[in-house]
Amino acid sequence: MAGTRSQSSGLRALRPAAFGADPTGERMARIRRSPHYRDGVFQNPKGPTRLRPPGSSRDLAKTYFDKDTRSRRAPYGTLPVHATTLADLARPPASGLRLTWMGHSSVLVEIDGRRVLFDPVWGERCSPFPFAGPKRLHPVPLPLAALGPVDVVVISHDHYDHLDLPTIKALAGTDTLFAVPLGVGAHLEHWGVSAGRLRELDWHEATGVGGLTLTATPARHFCGRGLRNTQHTLWASWAVAGEEHRVYHSGDTGYFDGFKDIGATHGPFDATMIQIGAYSDFWPEGQSDPIPGPGSWPEIHMNPAEGLQAHLDLQQGRPGGVFLPIHWGTFNLAPHPWAEPGEWTMAAADAVGQPAAFPVPGLPFEPAGELPAEPWWRGVGHVPSHKWPLPDPVTGSSREGLNLVGEE
């Protein structure tokens with residue numbers, strides 16, 4: 001037995017710090033009491049999701065390694081980035097609400113006098129290793145230390161492209177609070193965040209931070225950072241309400257009818273930040289996620305038409321508020337062309353008259369003001385020409401899209 005313990009201790013010593021820590025003790029007991037935890041794992045709303053593609057490995061390999069399509073999955077030019085400055089952020093937003101997309105799913109939201117930072121990823125790779133894994137395609141718009149004080153950091157789930165060890169360790173040295181889904185606090189405590197600075201929530205639970213109400217809302221996804229995916233940490237979307245404004249961040253999720261319930265309870269929203277990238281049309285219902293391993297898996301991500309439809313559901317079926325597409329442009333995580341999410345999302349928003357913002361990374365904007373609307377991706381990446389499915393706000397279904405600017 002002593003030899004077994006020694007071997008186990010040795011294996012733990014080799015475990016990368018980025019793997020984090022599994023929930024134990026009272027945290028694990030609370031997880032077991034959750035109504036969303038059954039049969040030893042967290043459960044998705046509306047039933048289980050498949051975490052492996054139904055297609056063959058050979059066809060998947062062809063999709064990923066085809067020479068022509070592979071070259072289109074990354075930009076061929078230098079991505080424009082707005083170098084966010086202190087002057088950009090020092091002046092309070094005139095309307096009381098300002099958003100700054102830092103790339104991928106990282107967004108700084110200044111709302112009713114408070115600063116909320118969603119899914120901050122400042123690291124070079126979304127990976128447990130500094131030498132391997134998807135590398136960022138553009139620099140961060142400003143150093144994390146130059147961001148200034150943040151009232152609360154909100155994490156949607158524990159995948160590497162949303163929960164980044166170097167970023168969290170840097171933020172652990174500040175006095176910011178962290179709002180995280182149930183179980184994710186184990187990682188943060190392991191990395192130096194004190195338990196007193198954690199607000200760890202199950203779905204439908206809320207916490208108050210400086211006049212804001214942050215509510216963890218359902219999503220269809222999964223979790224895991226290590227070699228074993230124990231499903232012991234929850235994933236969530238988030239609704240944040242201030243005295244005057246409301247915003248929503250989707251995290252990662254497949255499309256489901258729960259968006260209507262979230263909108264009815266917590267909306268309508270002045271702005272939504274919704275995942276529209278890293279999907280796959282290799283399978284009719286399939287989307288993708290890069291963690292814990294490469295590949296595209298079904299039912300856990302949305303394409304741009306689904307993301308726009310989710311926004312409409314959150315707004316009770318009517319175009320309104322401002323739609324900010326996230327989870328695209330910064331990392332190469334799926335087989336679709338790099339520029340396709342931006343082009344498809346712009347077409348979907350135009351088709352239904354939905355105000356949408358398309359800022360370059362780092363450019364602050366106010367949803368109540370002039371929205372950034374230039375298709376900046378066209379000059380630096382392959383833009384495909386397709387007839388894409390587009391959302392229909394009346395029926396909630398999709399219809400044939402338009403021929404868009406692009407090249408064959």
# chains A, B, ... in the order shown; residues from 1 in each chain; ligands from 1

call {"tool": "closest_atom_pairs", "arguments": {"of": "segment 222-264 of chain A", "to": "segment 147-165 of chain A", "cutoff": "6 Å", "atoms": "only C-alpha atoms", "output": "tab-separated table"}}
result
residue	atom	partner	partner_atom	distance
A:Trp235	CA	A:His157	CA	4.5
A:Ala236	CA	A:Ser156	CA	5.2
A:Ser237	CA	A:Ser156	CA	6.0
A:Gly251	CA	A:Ser156	CA	5.0

call {"tool": "closest_atom_pairs", "arguments": {"of": "segment 154-266 of chain A", "to": "segment 313-335 of chain A", "cutoff": "6 Å", "atoms": "only C-alpha atoms", "output": "Markdown table"}}
result
| residue | atom | partner | partner_atom | distance |
| --- | --- | --- | --- | --- |
| A:Phe259 | CA | A:Leu314 | CA | 5.4 |
| A:Lys260 | CA | A:Asp313 | CA | 4.8 |
| A:Gly263 | CA | A:Leu314 | CA | 4.0 |

call {"tool": "write_last_selection", "arguments": {"atoms": "N, CA, C and O atoms", "output": "PDB file, in the first residue's frame"}}
result
ATOM      1  N   PHE A 259     -33.316  29.286 -24.126  1.00  0.00           N
ATOM      2  CA  PHE A 259     -33.069  30.714 -24.295  1.00  0.00           C
ATOM      3  C   PHE A 259     -34.356  31.524 -24.092  1.00  0.00           C
ATOM      4  O   PHE A 259     -34.311  32.638 -23.563  1.00  0.00           O
ATOM      5  N   LYS A 260     -35.469  30.974 -24.503  1.00  0.00           N
ATOM      6  CA  LYS A 260     -36.744  31.681 -24.337  1.00  0.00           C
ATOM      7  C   LYS A 260     -37.064  31.858 -22.856  1.00  0.00           C
ATOM      8  O   LYS A 260     -37.526  32.922 -22.441  1.00  0.00           O
ATOM      9  N   GLY A 263     -34.745  34.527 -21.389  1.00  0.00           N
ATOM     10  CA  GLY A 263     -35.185  35.856 -21.779  1.00  0.00           C
ATOM     11  C   GLY A 263     -36.417  36.304 -21.030  1.00  0.00           C
ATOM     12  O   GLY A 263     -36.531  37.464 -20.623  1.00  0.00           O
TER      13      GLY A 263
END

call {"tool": "residues_around", "arguments": {"residues": "Gly173 of chain A", "least_positions_apart": "5", "cutoff": "10 Å", "atoms": "only C-alpha atoms", "output": "PyMOL selection string"}}
result
chain A and resi 168+192-193

call {"tool": "write_last_selection", "arguments": {"atoms": "all heavy atoms", "output": "mmCIF file, in the first residue's frame"}}
result
data_model
loop_
_atom_site.group_PDB
_atom_site.id
_atom_site.type_symbol
_atom_site.label_atom_id
_atom_site.label_comp_id
_atom_site.auth_asym_id
_atom_site.auth_seq_id
_atom_site.Cartn_x
_atom_site.Cartn_y
_atom_site.Cartn_z
ATOM 1 N N ILE A 168 -5.730 33.797 -14.763
ATOM 2 C CA ILE A 168 -6.314 33.686 -13.423
ATOM 3 C C ILE A 168 -5.255 33.931 -12.356
ATOM 4 O O ILE A 168 -5.508 34.608 -11.347
ATOM 5 C CB ILE A 168 -6.967 32.310 -13.221
ATOM 6 C CG1 ILE A 168 -8.136 32.125 -14.201
ATOM 7 C CG2 ILE A 168 -7.458 32.157 -11.776
ATOM 8 C CD1 ILE A 168 -9.239 33.160 -14.059
ATOM 9 N N GLY A 192 -4.635 29.883 -6.341
ATOM 10 C CA GLY A 192 -4.323 30.986 -5.458
ATOM 11 C C GLY A 192 -5.423 31.976 -5.177
ATOM 12 O O GLY A 192 -5.195 32.983 -4.507
ATOM 13 N N VAL A 193 -6.638 31.736 -5.677
ATOM 14 C CA VAL A 193 -7.767 32.614 -5.377
ATOM 15 C C VAL A 193 -8.376 32.163 -4.050
ATOM 16 O O VAL A 193 -8.727 30.986 -3.887
ATOM 17 C CB VAL A 193 -8.830 32.575 -6.493
ATOM 18 C CG1 VAL A 193 -10.020 33.467 -6.124
ATOM 19 C CG2 VAL A 193 -8.229 33.017 -7.826
#

call {"tool": "residues_around", "arguments": {"residues": "Asn303 of chain A", "least_positions_apart": "6", "cutoff": "7 Å", "atoms": "only C-alpha atoms", "output": "list in words"}}
result
Ile276, Gly277 and Tyr279 of chain A

call {"tool": "select_by_dssp", "arguments": {"residues": "segment 152-296 of chain A", "states": "strand (DSSP E or B)", "output": "ChimeraX atom specification"}}
result
/A:152-154,177-181,198-201,206-209,212-217,237-241,246-249,271-275,279,286-287

call {"tool": "residues_around", "arguments": {"residues": "segment 128-143 of chain A", "least_positions_apart": "3", "cutoff": "6 Å", "atoms": "only C-alpha atoms", "output": "JSON, numbers by chain"}}
result
{"A": [18, 83, 84, 124, 125, 146, 330, 331, 362]}

call {"tool": "decode", "arguments": {"residues": "segment 222-254 of chain A", "atoms": "N, CA and C atoms", "output": "compact mmCIF listing (two decimals), in the first residue's frame"}}
result
# COMPACT_ATOMS: atom_id res chain seq x y z
N PHE A 222 -20.36 20.95 -21.85
CA PHE A 222 -19.73 19.94 -21.00
C PHE A 222 -18.48 20.57 -20.40
N CYS A 223 -17.70 19.81 -19.65
CA CYS A 223 -16.59 20.39 -18.90
C CYS A 223 -15.40 19.46 -18.97
N GLY A 224 -14.30 19.89 -18.37
CA GLY A 224 -13.13 19.02 -18.21
C GLY A 224 -11.85 19.66 -18.68
N ARG A 225 -10.77 19.47 -17.89
CA ARG A 225 -9.46 20.02 -18.24
C ARG A 225 -8.36 18.95 -18.28
N GLY A 226 -8.56 17.85 -17.60
CA GLY A 226 -7.50 16.86 -17.49
C GLY A 226 -7.69 15.69 -18.43
N LEU A 227 -6.94 14.62 -18.17
CA LEU A 227 -7.06 13.42 -18.99
C LEU A 227 -8.38 12.69 -18.73
N ARG A 228 -8.90 12.86 -17.50
CA ARG A 228 -10.20 12.26 -17.18
C ARG A 228 -11.24 13.37 -17.14
N ASN A 229 -12.31 13.19 -17.91
CA ASN A 229 -13.39 14.17 -17.91
C ASN A 229 -14.45 13.70 -16.92
N THR A 230 -14.36 14.18 -15.68
CA THR A 230 -15.23 13.68 -14.62
C THR A 230 -16.62 14.31 -14.62
N GLN A 231 -16.82 15.40 -15.39
CA GLN A 231 -18.09 16.10 -15.43
C GLN A 231 -18.51 16.57 -14.02
N HIS A 232 -17.55 16.93 -13.21
CA HIS A 232 -17.84 17.40 -11.86
C HIS A 232 -17.80 18.92 -11.74
N THR A 233 -17.66 19.62 -12.86
CA THR A 233 -17.77 21.08 -12.84
C THR A 233 -18.86 21.48 -13.81
N LEU A 234 -19.64 22.45 -13.40
CA LEU A 234 -20.80 22.87 -14.20
C LEU A 234 -20.37 23.90 -15.24
N TRP A 235 -21.17 24.02 -16.27
CA TRP A 235 -21.01 25.05 -17.30
C TRP A 235 -22.25 25.94 -17.23
N ALA A 236 -22.13 27.19 -17.67
CA ALA A 236 -23.26 28.10 -17.51
C ALA A 236 -23.18 29.24 -18.52
N SER A 237 -24.32 29.81 -18.81
CA SER A 237 -24.39 31.15 -19.39
C SER A 237 -24.69 32.10 -18.24
N TRP A 238 -24.65 33.42 -18.50
CA TRP A 238 -24.79 34.37 -17.41
C TRP A 238 -25.67 35.56 -17.81
N ALA A 239 -26.57 35.92 -16.91
CA ALA A 239 -27.35 37.14 -17.04
C ALA A 239 -26.89 38.11 -15.96
N VAL A 240 -26.59 39.34 -16.36
CA VAL A 240 -26.13 40.37 -15.42
C VAL A 240 -27.06 41.57 -15.53
N ALA A 241 -27.63 41.94 -14.40
CA ALA A 241 -28.59 43.05 -14.35
C ALA A 241 -28.09 44.13 -13.41
N GLY A 242 -28.05 45.37 -13.90
CA GLY A 242 -27.76 46.53 -13.08
C GLY A 242 -29.02 47.34 -12.86
N GLU A 243 -28.85 48.53 -12.34
CA GLU A 243 -30.00 49.38 -12.08
C GLU A 243 -30.68 49.81 -13.37
N GLU A 244 -29.90 49.98 -14.45
CA GLU A 244 -30.45 50.50 -15.71
C GLU A 244 -30.30 49.55 -16.88
N HIS A 245 -29.34 48.63 -16.82
CA HIS A 245 -29.01 47.82 -18.00
C HIS A 245 -28.94 46.34 -17.65
N ARG A 246 -29.10 45.53 -18.70
CA ARG A 246 -29.00 44.08 -18.58
C ARG A 246 -28.20 43.54 -19.75
N VAL A 247 -27.31 42.57 -19.47
CA VAL A 247 -26.54 41.93 -20.51
C VAL A 247 -26.55 40.42 -20.30
N TYR A 248 -26.21 39.70 -21.36
CA TYR A 248 -26.20 38.23 -21.32
C TYR A 248 -24.94 37.74 -22.03
N HIS A 249 -24.28 36.75 -21.44
CA HIS A 249 -23.10 36.10 -22.03
C HIS A 249 -23.40 34.62 -22.12
N SER A 250 -23.27 34.05 -23.31
CA SER A 250 -23.71 32.66 -23.53
C SER A 250 -22.72 31.62 -23.05
N GLY A 251 -21.41 32.00 -22.87
CA GLY A 251 -20.43 30.95 -22.72
C GLY A 251 -20.46 30.07 -23.96
N ASP A 252 -20.24 28.79 -23.81
CA ASP A 252 -20.38 27.84 -24.91
C ASP A 252 -21.66 27.06 -24.73
N THR A 253 -22.40 26.88 -25.81
CA THR A 253 -23.66 26.16 -25.70
C THR A 253 -24.16 25.74 -27.07
N GLY A 254 -24.86 24.62 -27.10
CA GLY A 254 -25.66 24.30 -28.26
C GLY A 254 -26.99 25.03 -28.19
